[in-house]
$ cat query.tsv   # TSV, C-alpha atoms
chain	number	residue	atom	x	y	z
T	213	MET	CA	-10.35	-27.09	-149.48
T	214	LYS	CA	-10.52	-23.37	-148.70
T	215	ARG	CA	-12.63	-23.93	-145.60
T	216	PHE	CA	-10.19	-26.52	-144.27
T	217	PHE	CA	-7.29	-24.17	-145.01
T	218	LEU	CA	-8.95	-21.38	-143.02
T	219	PHE	CA	-9.67	-23.64	-140.05
T	220	LEU	CA	-6.09	-24.87	-139.96
T	221	ILE	CA	-4.20	-21.63	-140.14
T	222	GLY	CA	-6.48	-19.93	-137.66
T	223	CYS	CA	-5.15	-21.80	-134.68
T	224	LEU	CA	-1.81	-20.18	-134.92
T	225	PRO	CA	0.62	-8.63	-131.49
T	226	TRP	CA	-1.08	-5.39	-133.22
T	227	LEU	CA	0.85	-3.70	-130.43
T	228	ALA	CA	2.00	-1.10	-132.93
T	229	ILE	CA	3.14	-1.42	-136.50
T	230	GLY	CA	6.46	-3.24	-136.64
T	231	GLN	CA	6.82	-3.48	-132.85
T	232	ALA	CA	7.49	-6.71	-131.03
T	233	ASP	CA	6.31	-7.63	-127.53
T	234	THR	CA	9.40	-6.74	-125.50
T	235	GLU	CA	10.55	-6.16	-121.93
T	236	VAL	CA	13.35	-4.13	-120.32
T	237	TYR	CA	15.68	-5.95	-117.91
T	238	LEU	CA	18.08	-4.37	-115.41
T	239	PHE	CA	21.20	-5.91	-113.86
T	240	ASP	CA	24.05	-4.98	-111.59
T	241	LEU	CA	27.25	-5.01	-113.65
T	242	GLU	CA	30.52	-6.22	-112.15
T	243	ILE	CA	33.84	-5.91	-114.00
T	244	ASP	CA	36.90	-7.67	-112.54
T	245	ASP	CA	39.88	-7.58	-114.88
T	246	ASP	CA	38.64	-9.43	-117.98
T	247	ASN	CA	35.60	-10.93	-116.24
T	248	ILE	CA	32.19	-9.30	-116.68
T	249	LYS	CA	29.31	-10.47	-114.50
T	250	LEU	CA	25.61	-9.60	-114.51
T	251	THR	CA	23.78	-10.10	-111.21
T	252	ASN	CA	20.52	-9.12	-109.47
T	253	PRO	CA	18.27	-9.39	-112.56
T	254	LYS	CA	14.99	-7.49	-112.65
T	255	ASN	CA	12.25	-6.99	-115.24
T	256	ILE	CA	11.67	-3.25	-114.81
T	257	SER	CA	8.95	-2.85	-117.43
T	258	ASN	CA	6.81	-5.93	-116.73
T	259	ASN	CA	4.21	-4.65	-119.14
T	260	GLU	CA	2.10	-6.16	-121.89
T	261	GLY	CA	3.24	-4.72	-125.20
T	262	TYR	CA	6.19	-2.67	-126.38
T	263	ASP	CA	8.86	-1.63	-123.86
T	264	ASN	CA	12.15	-0.57	-125.37
T	265	GLN	CA	15.08	1.84	-125.82
T	266	PRO	CA	16.44	2.12	-122.26
T	267	SER	CA	18.95	4.80	-121.30
T	268	PHE	CA	20.30	6.03	-117.97
T	269	LEU	CA	19.17	9.47	-116.81
T	270	ASP	CA	21.80	9.14	-114.07
T	271	GLY	CA	23.48	6.28	-112.22
T	272	ASN	CA	20.27	5.25	-110.47
T	273	THR	CA	17.51	6.11	-112.95
T	274	VAL	CA	16.52	4.33	-116.15
T	275	LEU	CA	14.39	5.87	-118.90
T	276	PHE	CA	12.57	3.78	-121.49
T	277	SER	CA	9.64	3.84	-123.91
T	278	SER	CA	6.60	1.95	-122.67
T	279	THR	CA	3.14	1.22	-124.05
T	280	ARG	CA	0.03	2.36	-122.17
T	281	ALA	CA	-3.53	2.96	-123.38
T	282	GLY	CA	-2.60	2.40	-127.00
T	283	GLN	CA	0.29	4.85	-127.12
T	284	THR	CA	3.97	4.88	-126.16
T	285	ASP	CA	5.25	7.32	-123.54
T	286	ILE	CA	8.53	7.79	-121.67
T	287	LYS	CA	8.76	6.10	-118.29
T	288	ARG	CA	11.25	6.81	-115.50
T	289	PHE	CA	12.39	3.94	-113.23
T	290	ASN	CA	14.13	4.89	-109.98
T	291	ILE	CA	16.34	2.06	-108.76
T	292	THR	CA	17.18	3.32	-105.27
T	293	GLN	CA	13.78	4.67	-104.26
T	294	GLY	CA	12.15	1.28	-103.97
T	295	SER	CA	12.05	0.80	-107.74
T	296	THR	CA	9.40	3.47	-108.16
T	297	THR	CA	8.22	4.57	-111.59
T	298	SER	CA	6.69	7.72	-113.06
T	299	TRP	CA	5.73	8.98	-116.51
T	300	ILE	CA	7.56	11.91	-118.12
T	301	THR	CA	5.39	12.28	-121.23
T	302	ASP	CA	1.68	11.96	-121.92
T	303	THR	CA	0.97	12.78	-125.56
T	304	PRO	CA	-2.54	11.80	-126.74
T	305	THR	CA	-1.69	12.86	-130.31
T	306	GLY	CA	1.48	10.77	-130.60
T	307	SER	CA	4.08	8.52	-129.01
T	308	GLU	CA	7.64	9.03	-127.77
T	309	TYR	CA	10.69	6.85	-128.33
T	310	SER	CA	14.45	6.73	-127.61
T	311	PRO	CA	14.71	9.01	-124.55
T	312	LEU	CA	18.12	10.56	-123.72
T	313	LYS	CA	19.31	13.01	-121.07
T	314	ILE	CA	20.19	16.41	-122.58
T	315	PRO	CA	23.63	17.59	-121.38
T	316	GLY	CA	23.45	20.46	-118.91
T	317	LYS	CA	19.65	20.56	-118.75
T	318	ASP	CA	16.93	19.17	-116.51
T	319	ALA	CA	15.33	17.74	-119.64
T	320	ILE	CA	15.37	14.80	-122.01
T	321	SER	CA	15.11	14.46	-125.77
T	322	ALA	CA	12.92	11.87	-127.49
T	323	ILE	CA	11.59	11.01	-130.93
T	324	ARG	CA	7.89	11.85	-131.25
T	325	LEU	CA	5.78	9.99	-133.78
T	326	ASP	CA	2.48	11.81	-134.25
T	327	LEU	CA	-0.75	10.11	-135.28
T	328	ASP	CA	-0.52	11.82	-138.69
T	329	GLY	CA	2.88	10.16	-139.31
T	330	LEU	CA	5.03	13.22	-138.57
T	331	GLN	CA	8.26	12.10	-136.84
T	332	ARG	CA	10.55	14.67	-135.21
T	333	LEU	CA	12.95	15.18	-132.28
T	334	TYR	CA	11.61	17.02	-129.22
T	335	GLU	CA	12.89	18.23	-125.87
T	336	TYR	CA	10.80	17.44	-122.75
T	337	ASP	CA	11.11	19.19	-119.41
T	338	LEU	CA	11.64	16.58	-116.67
T	339	LYS	CA	9.42	18.38	-114.17
T	340	THR	CA	6.50	19.43	-116.38
T	341	GLY	CA	6.78	17.19	-119.45
T	342	GLU	CA	6.40	20.32	-121.59
T	343	PRO	CA	7.63	19.63	-125.16
T	344	LYS	CA	9.83	21.81	-127.37
T	345	LEU	CA	10.69	21.02	-130.98
T	346	LEU	CA	14.43	20.60	-131.54
T	347	LEU	CA	14.91	19.62	-135.18
T	348	LYS	CA	12.09	20.78	-137.44
T	349	ASP	CA	13.11	19.54	-140.87
T	350	LEU	CA	14.65	16.13	-140.12
T	351	LYS	CA	12.85	12.80	-139.72
T	352	VAL	CA	15.08	11.58	-136.93
T	353	GLY	CA	15.09	7.85	-136.24
T	354	TYR	CA	17.80	7.72	-133.54
T	355	HIS	CA	20.15	10.25	-131.98
T	356	VAL	CA	22.94	10.95	-129.51
T	357	TRP	CA	24.11	14.20	-127.89
T	358	TYR	CA	27.72	15.15	-128.65
T	359	ASN	CA	27.50	18.22	-126.41
T	360	ASP	CA	24.75	20.61	-125.34
T	361	HIS	CA	24.13	21.91	-128.87
T	362	ILE	CA	25.44	19.29	-131.32
T	363	ILE	CA	23.33	16.21	-132.09
T	364	VAL	CA	24.35	13.22	-134.20
T	365	SER	CA	21.34	11.47	-135.73
T	366	ALA	CA	20.34	8.57	-137.92
T	367	VAL	CA	17.84	10.33	-140.18
T	368	LEU	CA	15.25	8.50	-142.29
T	369	VAL	CA	15.76	9.14	-146.00
T	370	ASP	CA	13.82	7.02	-148.50
T	371	ASN	CA	14.35	3.40	-147.39
T	372	ARG	CA	17.54	3.95	-145.37
T	373	MET	CA	19.01	6.08	-142.59
T	374	ASP	CA	21.78	8.63	-143.06
T	375	LEU	CA	24.26	9.97	-140.51
T	376	VAL	CA	23.58	13.68	-139.90
T	377	VAL	CA	25.29	16.15	-137.56
T	378	SER	CA	23.05	19.04	-136.45
T	379	ASN	CA	24.15	22.24	-134.73
T	380	LEU	CA	21.34	23.84	-132.71
T	381	LYS	CA	23.17	27.16	-132.46
T	382	ASP	CA	23.54	27.86	-136.18
T	383	GLY	CA	20.76	25.57	-137.46
T	384	SER	CA	23.06	23.58	-139.75
T	385	ASN	CA	22.57	19.93	-140.73
T	386	TYR	CA	25.36	18.04	-142.48
T	387	THR	CA	25.18	14.47	-143.81
T	388	TYR	CA	28.42	12.50	-143.35
T	389	GLN	CA	27.39	9.03	-144.51
T	390	LYS	CA	24.46	7.25	-146.11
T	391	ASN	CA	23.02	3.93	-144.91
T	392	VAL	CA	23.80	3.67	-141.22
T	393	GLY	CA	22.30	1.78	-138.29
T	394	ARG	CA	20.38	2.90	-135.23
T	395	SER	CA	23.16	2.48	-132.63
T	396	LEU	CA	24.83	5.85	-131.87
T	397	HIS	CA	27.07	6.37	-128.83
T	398	LYS	CA	29.78	8.56	-127.40
T	399	ILE	CA	33.06	6.63	-127.23
T	400	PRO	CA	34.42	6.79	-123.66
T	401	ASN	CA	37.43	9.05	-123.03
T	402	THR	CA	37.40	10.45	-126.57
T	403	ASP	CA	35.80	13.27	-128.56
T	404	LEU	CA	34.26	10.75	-130.97
T	405	ILE	CA	30.86	9.21	-131.70
T	406	SER	CA	30.45	5.59	-132.82
T	407	TYR	CA	27.93	4.47	-135.41
T	408	ILE	CA	27.08	1.38	-137.45
T	409	SER	CA	28.01	1.58	-141.13
T	410	LYS	CA	25.92	-0.55	-143.48
T	411	GLU	CA	27.72	0.50	-146.65
T	412	ASN	CA	29.29	-2.95	-147.09
T	413	LYS	CA	27.90	-6.48	-146.87
T	414	SER	CA	29.60	-6.90	-143.49
T	415	TRP	CA	28.49	-4.08	-141.19
T	416	GLU	CA	31.15	-2.11	-139.35
T	417	ILE	CA	31.43	-0.07	-136.17
T	418	LYS	CA	32.97	3.27	-137.13
T	419	SER	CA	33.95	6.45	-135.31
T	420	LEU	CA	33.04	10.02	-136.28
T	421	ASN	CA	34.48	13.31	-135.13
T	422	PRO	CA	31.42	15.57	-135.51
T	423	ILE	CA	33.58	18.69	-135.64
T	424	SER	CA	36.11	17.65	-138.31
T	425	GLY	CA	33.98	14.99	-140.01
T	426	ALA	CA	36.80	12.43	-139.81
T	427	THR	CA	35.68	8.79	-139.75
T	428	LYS	CA	37.54	5.57	-139.00
T	429	THR	CA	36.66	1.88	-138.96
T	430	ILE	CA	36.93	0.31	-135.49
T	431	VAL	CA	35.78	-3.30	-135.98
T	432	LYS	CA	33.18	-5.39	-137.77
T	433	THR	CA	29.91	-5.93	-135.93
T	434	LEU	CA	28.90	-9.28	-134.49
T	435	ASN	CA	27.09	-11.11	-137.33
T	436	ASN	CA	25.62	-7.84	-138.65
T	437	THR	CA	24.08	-7.09	-135.28
T	438	GLU	CA	22.52	-3.64	-135.00
T	439	ASP	CA	22.93	-2.74	-131.31
T	440	MET	CA	26.07	-2.17	-129.25
T	441	ARG	CA	27.23	-0.40	-126.09
T	442	TRP	CA	30.59	0.87	-124.78
T	443	LEU	CA	31.83	0.16	-121.28
T	444	ALA	CA	33.93	2.82	-119.53
T	445	ASP	CA	37.15	0.88	-120.27
T	446	GLY	CA	36.52	0.84	-124.03
T	447	THR	CA	35.06	-2.68	-124.25
T	448	ILE	CA	32.13	-3.15	-126.67
T	449	LEU	CA	29.08	-5.25	-125.75
T	450	MET	CA	26.64	-6.68	-128.31
T	451	GLY	CA	23.66	-9.00	-127.96
T	452	SER	CA	23.02	-12.09	-130.06
T	453	GLY	CA	19.97	-14.26	-129.45
T	454	LYS	CA	20.05	-15.18	-125.77
T	455	SER	CA	23.67	-14.12	-125.26
T	456	ILE	CA	25.78	-11.02	-124.66
T	457	LEU	CA	29.28	-10.92	-126.12
T	458	LYS	CA	32.23	-8.56	-125.67
T	459	LEU	CA	35.19	-7.31	-127.66
T	460	ASP	CA	37.97	-4.89	-126.72
T	461	PRO	CA	39.09	-3.27	-130.00
T	462	LYS	CA	42.51	-2.57	-128.47
T	463	THR	CA	43.35	-6.20	-127.76
T	464	ASP	CA	40.74	-8.62	-129.14
T	465	THR	CA	40.17	-10.05	-132.60
T	466	GLU	CA	37.18	-12.28	-131.78
T	467	TRP	CA	33.91	-11.71	-129.94
T	468	GLN	CA	33.71	-13.56	-126.61
T	469	GLU	CA	30.48	-14.64	-124.91
T	470	ILE	CA	30.13	-13.34	-121.37
T	471	ILE	CA	26.67	-14.69	-120.53
T	472	SER	CA	23.87	-16.75	-122.04
T	473	PHE	CA	20.36	-16.76	-120.58
T	474	ASN	CA	18.65	-20.14	-120.37
T	475	VAL	CA	15.17	-18.74	-119.73
T	476	ALA	CA	12.15	-18.71	-122.03
T	477	ASP	CA	11.37	-14.99	-122.02
T	478	ILE	CA	14.81	-13.62	-122.93
T	479	ASN	CA	15.25	-13.77	-126.70
T	480	ASN	CA	16.92	-11.57	-129.33
T	481	ILE	CA	18.71	-9.30	-126.86
T	482	SER	CA	19.03	-5.72	-128.14
T	483	ARG	CA	19.27	-2.05	-127.06
T	484	ILE	CA	21.93	-2.48	-124.37
T	485	ALA	CA	22.40	0.51	-122.04
T	486	VAL	CA	25.10	1.05	-119.40
T	487	ASN	CA	25.35	3.85	-116.84
T	488	LYS	CA	28.41	6.14	-116.73
T	489	ALA	CA	30.05	4.20	-113.90
T	490	SER	CA	29.57	0.89	-115.76
T	491	ASP	CA	28.04	-0.75	-112.69
T	492	ARG	CA	24.49	-1.12	-114.03
T	493	LEU	CA	23.27	-2.53	-117.34
T	494	ALA	CA	19.88	-2.68	-119.00
T	495	PHE	CA	18.80	-4.42	-122.17
T	496	VAL	CA	15.69	-5.25	-124.17
T	497	ALA	CA	14.58	-8.80	-124.89
T	498	GLU	CA	11.70	-10.28	-126.82
T	499	LYS	CA	9.29	-12.56	-125.05
T	500	SER	CA	9.22	-16.30	-125.67
T	501	PRO	CA	8.00	-17.49	-129.09
T	502	GLU	CA	5.45	-19.50	-127.11
T	503	HIS	CA	4.06	-16.24	-125.70
T	504	ILE	CA	3.58	-14.82	-129.21
T	505	VAL	CA	1.89	-17.98	-130.49
T	506	GLN	CA	-0.38	-18.12	-127.43
T	507	LYS	CA	-1.47	-14.50	-127.99
T	508	GLN	CA	-2.36	-15.49	-131.54
T	509	LEU	CA	-4.39	-18.46	-130.27
T	510	ASP	CA	-6.29	-16.27	-127.81
T	511	ALA	CA	-7.08	-13.77	-130.58
T	512	TYR	CA	-8.25	-16.59	-132.85
T	513	ASN	CA	-10.62	-17.97	-130.21
T	514	ASN	CA	-11.94	-14.44	-129.57
T	515	ARG	CA	-12.29	-13.86	-133.34
T	516	ASP	CA	-10.36	-10.59	-132.90
T	517	ILE	CA	-9.03	-9.92	-136.40
T	518	ASP	CA	-6.72	-7.04	-135.42
T	519	ALA	CA	-5.07	-8.89	-132.54
T	520	PHE	CA	-4.86	-12.05	-134.67
T	521	MET	CA	-3.13	-10.34	-137.59
T	522	ALA	CA	-0.81	-8.44	-135.23
T	523	THR	CA	1.03	-11.65	-134.44
T	524	TYR	CA	2.26	-12.03	-138.03
T	525	SER	CA	5.11	-10.39	-139.89
T	526	ASP	CA	4.21	-8.39	-142.97
T	527	ASP	CA	5.73	-11.06	-145.23
T	528	ILE	CA	4.18	-14.06	-143.42
T	529	GLN	CA	4.43	-17.29	-145.41
T	530	LEU	CA	2.12	-20.29	-145.01
T	531	PHE	CA	3.12	-23.75	-146.21
T	532	ASN	CA	1.73	-27.24	-146.45
T	533	PHE	CA	4.41	-29.68	-145.31
T	534	PRO	CA	7.10	-29.90	-146.41
T	535	ASN	CA	7.44	-26.79	-148.61
T	536	GLN	CA	4.28	-26.11	-150.65
T	537	LEU	CA	3.64	-22.35	-150.42
T	538	ILE	CA	-0.09	-21.66	-150.04
T	539	SER	CA	-0.19	-17.99	-148.97
T	540	GLU	CA	2.16	-15.03	-148.62
T	541	GLY	CA	1.66	-11.59	-147.06
T	542	LYS	CA	-0.38	-10.20	-144.19
T	543	GLU	CA	-2.97	-8.32	-146.24
T	544	LYS	CA	-3.98	-11.44	-148.11
T	545	MET	CA	-4.50	-13.24	-144.80
T	546	ARG	CA	-6.58	-10.41	-143.41
T	547	LYS	CA	-8.93	-10.51	-146.40
T	548	ASN	CA	-9.36	-14.27	-146.00
T	549	TYR	CA	-10.12	-14.08	-142.27
T	550	GLN	CA	-12.27	-10.99	-141.82
T	551	GLY	CA	-15.46	-12.65	-143.02
T	552	PHE	CA	-14.53	-16.05	-141.61
T	553	PHE	CA	-14.29	-14.68	-138.05
T	554	GLU	CA	-17.60	-12.84	-138.41
T	555	SER	CA	-19.48	-15.89	-139.71
T	556	THR	CA	-18.13	-18.61	-137.36
T	557	PRO	CA	-19.53	-18.11	-133.83
T	558	ASP	CA	-18.43	-21.55	-132.58
T	559	LEU	CA	-14.79	-21.08	-133.62
T	560	ASN	CA	-12.38	-22.63	-131.10
T	561	CYS	CA	-8.91	-24.14	-131.04
T	562	GLU	CA	-7.60	-26.27	-128.16
T	563	ILE	CA	-3.92	-27.18	-127.79
T	564	LYS	CA	-3.43	-30.87	-127.04
T	565	ASN	CA	0.39	-30.83	-127.05
T	566	ARG	CA	3.02	-28.11	-127.51
T	567	ILE	CA	6.79	-28.31	-128.06
T	568	VAL	CA	9.07	-25.25	-128.12
T	569	ILE	CA	12.46	-25.57	-129.83
T	570	GLY	CA	14.40	-22.34	-130.24
T	571	ASN	CA	12.25	-19.95	-132.27
T	572	LYS	CA	9.84	-22.74	-133.32
T	573	VAL	CA	6.57	-23.71	-131.62
T	574	ILE	CA	4.97	-27.02	-132.64
T	575	ASP	CA	1.29	-27.36	-131.71
T	576	GLU	CA	-1.04	-30.35	-131.91
T	577	GLU	CA	-4.42	-28.64	-132.27
T	578	TYR	CA	-8.05	-29.71	-131.93
T	579	ILE	CA	-10.26	-27.33	-133.90
T	580	THR	CA	-14.01	-26.64	-133.81
T	581	ALA	CA	-15.69	-24.58	-136.54
T	582	ASN	CA	-19.21	-24.56	-138.01
T	583	GLY	CA	-20.14	-27.69	-136.10
T	584	SER	CA	-17.13	-29.69	-137.33
T	585	ASN	CA	-14.16	-31.01	-135.34
T	586	PHE	CA	-10.76	-32.15	-136.53
T	587	SER	CA	-7.11	-32.35	-135.45
T	588	ALA	CA	-4.06	-30.74	-137.07
T	589	VAL	CA	-0.41	-29.94	-136.43
T	590	ALA	CA	1.12	-26.51	-137.05
T	591	ILE	CA	4.77	-25.44	-136.85
T	592	TYR	CA	5.21	-21.73	-136.12
T	593	GLU	CA	8.51	-19.91	-136.68
T	594	VAL	CA	8.89	-16.60	-134.83
T	595	LYS	CA	11.35	-13.91	-135.94
T	596	ASN	CA	11.72	-10.43	-134.44
T	597	GLY	CA	8.69	-10.96	-132.25
T	598	LYS	CA	6.32	-11.93	-135.07
T	599	ILE	CA	5.20	-15.20	-136.65
T	600	ALA	CA	7.10	-15.28	-139.94
T	601	LYS	CA	6.30	-18.78	-141.18
T	602	VAL	CA	3.72	-21.49	-140.51
T	603	THR	CA	3.92	-25.05	-141.83
T	604	PHE	CA	0.86	-27.33	-141.63
T	605	LEU	CA	0.83	-31.10	-141.37
T	606	ARG	CA	-2.35	-33.00	-142.11

$ encode --input "query.tsv" --output "structure tokens"
Amino acid sequence: MKRFFLFLIGCLPWLAIGQADTEVYLFDLEIDDDNIKLTNPKNISNNEGYDNQPSFLDGNTVLFSSTRAGQTDIKRFNITQGSTTSWITDTPTGSEYSPLKIPGKDAISAIRLDLDGLQRLYEYDLKTGEPKLLLKDLKVGYHVWYNDHIIVSAVLVDNRMDLVVSNLKDGSNYTYQKNVGRSLHKIPNTDLISYISKENKSWEIKSLNPISGATKTIVKTLNNTEDMRWLADGTILMGSGKSILKLDPKTDTEWQEIISFNVADINNISRIAVNKASDRLAFVAEKSPEHIVQKQLDAYNNRDIDAFMATYSDDIQLFNFPNQLISEGKEKMRKNYQGFFESTPDLNCEIKNRIVIGNKVIDEEYITANGSNFSAVAIYEVKNGKIAKVTFLR
């Protein structure tokens, strides 16, 4: 029974802990009255692994975090110069995330996660890449510049993030709210910052005046979505699945879909960025569930335990059809498979048929192991770029 179980679940990314296989897409943005159009699509990362957190350095340059050689550095994509790219950071002892232009400086800020787990906000010179520590005592998760010396951050505290305003001139840090989201932005044509409040069951977009500390509710988020972006006219954009929706808080009461992408490799749209002129837009999307499942299959056939386990969520659940739970949790799976991979040199899984429906991949599999052959069916459910559930039929 155990041997059959191991064969079956084997034919199902350790890119980095908790990171999905994502790409950054760039579009021309056209706004005509109430109509918003995205044209001239381009995958500007086109990279195996984690590519995320785009922002505009200027109207023609996109910054984003990108994986290379086992670490994550900040990449610069120049739109007008033949779509050329260059690296801003190269940190062997850590990785950089969430790059933003620093007001009034030829420099960017980014979160640096060191190999020893230390996570802090740094400044990086755009010409030399030279780093400078900005906030020593805060574990910054996400941030936005209010001006050249005031930073609003989502700071990691216990199992949540808190909204903190930091003044670089006097060294002060003041917490204005507990339990906030990662999306922080300047609200166009105001002296306010927007943030996501998670205090209530239904998340809300709120405004903060970092000087006075005054806050105000703007609107509820779209289905507790984490990421948003302001257009220059005050319209809010949010992603949901394969779609982007809009809402103007001044006039609208309901979110309206502006585009839906009927392509396999655009899923769970997040991290929307818009340049100051609102004529270019970038976003992050997860690759197709089929891509994730295929990476798992390749790792299984190569008996690569790290790559194999990387395709699963931490709370992966395995079921016999229809709902008999047979295993739960990644660590338990790893223990089961480490020895199995080492002792089964003829291990192989061949896909006979595959159907993809939404976030589900249904595979008819023909498995070879220890001189035996048999067929099986597995249903994979992918959430947030990881396999979260597998159901076996036999």

$ closest_residue --input "query.tsv" --among "T:Phe604, T:Trp299, T:Phe289, T:Tyr407" --to "Phe268 of chain T" --atoms "only C-alpha atoms"
T:Phe289

$ closest_residue --input "query.tsv" --among "T:Val236, T:Ile538, T:Ile243, T:Leu269" --to "Ala444 of chain T" --atoms "all atoms listed in the file"
T:Ile243

$ closest_residue --input "query.tsv" --among "T:Val589, T:Phe531, T:Asn513, T:Thr296" --to "Glu554 of chain T" --atoms "only C-alpha atoms"
T:Asn513

$ closest_residue --input "query.tsv" --among "T:Phe495, T:Tyr336, T:Trp467, T:Tyr388" --to "Asp318 of chain T" --atoms "all atoms listed in the file"
T:Tyr336

$ residues_around --input "query.tsv" --residues "Lys344 of chain T" --least-positions-apart "2" --cutoff "7 Å" --atoms "all atoms listed in the file" --output "VMD selection string"
chain T and resid 334 to 336 342 346

$ residues_around --input "query.tsv" --residues "Tyr524 of chain T" --least-positions-apart "6" --cutoff "7 Å" --atoms "only C-alpha atoms" --output "VMD selection string"
chain T and resid 542 598 to 600

$ closest_residue --input "query.tsv" --among "T:Asp328, T:Asp477, T:Asp337, T:Asp460" --to "Asn258 of chain T" --atoms "only C-alpha atoms"
T:Asp477

$ atom_distance --input "query.tsv" --atom1 "atom CA of Phe553 of chain T" --atom2 "atom CA of Ser500 of chain T"
26.6 Å

$ residues_around --input "query.tsv" --residues "Asp270 of chain T" --least-positions-apart "6" --cutoff "12 Å" --atoms "all atoms listed in the file" --output "list in words"
Arg288, Phe289, Asn290, Ile291, Thr292, Leu312, Lys313, Ile314, Pro315, Asp318, Ile320, Ala485, Val486, Asn487, Lys488, Ala489, Ser490, Asp491 and Arg492 of chain T

$ residues_around --input "query.tsv" --residues "Ser482 of chain T" --least-positions-apart "5" --cutoff "7 Å" --atoms "all atoms listed in the file" --output "PyMOL selection string"
chain T and resi 439+451+495-497

$ atom_distance --input "query.tsv" --atom1 "atom CA of Leu537 of chain T" --atom2 "atom CA of Val573 of chain T"
19.1 Å

$ residues_around --input "query.tsv" --residues "segment 413-417 of chain T" --least-positions-apart "2" --cutoff "8 Å" --atoms "all atoms listed in the file" --output "list in words"
Ser406, Tyr407, Ile408, Ser409, Lys410, Glu411, Ser419, Thr429, Ile430, Val431, Lys432, Thr433, Asn435, Asn436 and Thr437 of chain T

$ closest_residue --input "query.tsv" --among "T:Glu562, T:Glu498, T:Asp233, T:Asp527" --to "Gly453 of chain T" --atoms "all atoms listed in the file"
T:Glu498

$ atom_distance --input "query.tsv" --atom1 "atom CA of Lys499 of chain T" --atom2 "atom CA of Arg483 of chain T"
14.6 Å

$ residues_near_point --input "query.tsv" --point "(21.6, -4.9, -119.1)" --cutoff "6 Å" --atoms "only C-alpha atoms" --output "JSON, numbers by chain"
{"T": [238, 239, 484, 493, 494, 495]}

$ decode --input "query.tsv" --residues "segment 498-502 of chain T" --atoms "all heavy atoms" --output "mmCIF file, in the first residue's frame"
data_model
loop_
_atom_site.group_PDB
_atom_site.id
_atom_site.type_symbol
_atom_site.label_atom_id
_atom_site.label_comp_id
_atom_site.auth_asym_id
_atom_site.auth_seq_id
_atom_site.Cartn_x
_atom_site.Cartn_y
_atom_site.Cartn_z
ATOM 1 N N GLU T 498 1.293 34.887 -12.596
ATOM 2 C CA GLU T 498 1.822 33.541 -12.419
ATOM 3 C C GLU T 498 1.700 32.757 -13.717
ATOM 4 O O GLU T 498 0.798 32.989 -14.519
ATOM 5 C CB GLU T 498 1.056 32.818 -11.309
ATOM 6 C CG GLU T 498 1.273 33.422 -9.940
ATOM 7 C CD GLU T 498 0.442 32.735 -8.876
ATOM 8 O OE1 GLU T 498 -0.194 31.709 -9.191
ATOM 9 O OE2 GLU T 498 0.427 33.221 -7.732
ATOM 10 N N LYS T 499 2.621 31.832 -13.898
ATOM 11 C CA LYS T 499 2.574 30.980 -15.079
ATOM 12 C C LYS T 499 1.424 29.986 -14.980
ATOM 13 O O LYS T 499 0.807 29.823 -13.936
ATOM 14 C CB LYS T 499 3.906 30.249 -15.251
ATOM 15 C CG LYS T 499 5.058 31.170 -15.613
ATOM 16 C CD LYS T 499 6.330 30.397 -15.898
ATOM 17 C CE LYS T 499 7.448 31.323 -16.330
ATOM 18 N NZ LYS T 499 8.703 30.592 -16.621
ATOM 19 N N SER T 500 1.145 29.330 -16.085
ATOM 20 C CA SER T 500 0.036 28.387 -16.154
ATOM 21 C C SER T 500 0.190 27.273 -15.121
ATOM 22 O O SER T 500 1.301 26.806 -14.860
ATOM 23 C CB SER T 500 -0.017 27.763 -17.553
ATOM 24 O OG SER T 500 -0.861 26.634 -17.581
ATOM 25 N N PRO T 501 -0.934 26.826 -14.510
ATOM 26 C CA PRO T 501 -0.868 25.658 -13.628
ATOM 27 C C PRO T 501 -0.212 24.453 -14.312
ATOM 28 O O PRO T 501 0.477 23.658 -13.671
ATOM 29 C CB PRO T 501 -2.341 25.392 -13.297
ATOM 30 C CG PRO T 501 -2.995 26.718 -13.429
ATOM 31 C CD PRO T 501 -2.289 27.406 -14.569
ATOM 32 N N GLU T 502 -0.405 24.333 -15.617
ATOM 33 C CA GLU T 502 0.223 23.240 -16.359
ATOM 34 C C GLU T 502 1.745 23.344 -16.287
ATOM 35 O O GLU T 502 2.444 22.323 -16.181
ATOM 36 C CB GLU T 502 -0.229 23.270 -17.820
ATOM 37 C CG GLU T 502 0.361 22.157 -18.661
ATOM 38 C CD GLU T 502 -0.142 22.185 -20.090
ATOM 39 O OE1 GLU T 502 -0.792 23.177 -20.481
ATOM 40 O OE2 GLU T 502 0.119 21.208 -20.827
#
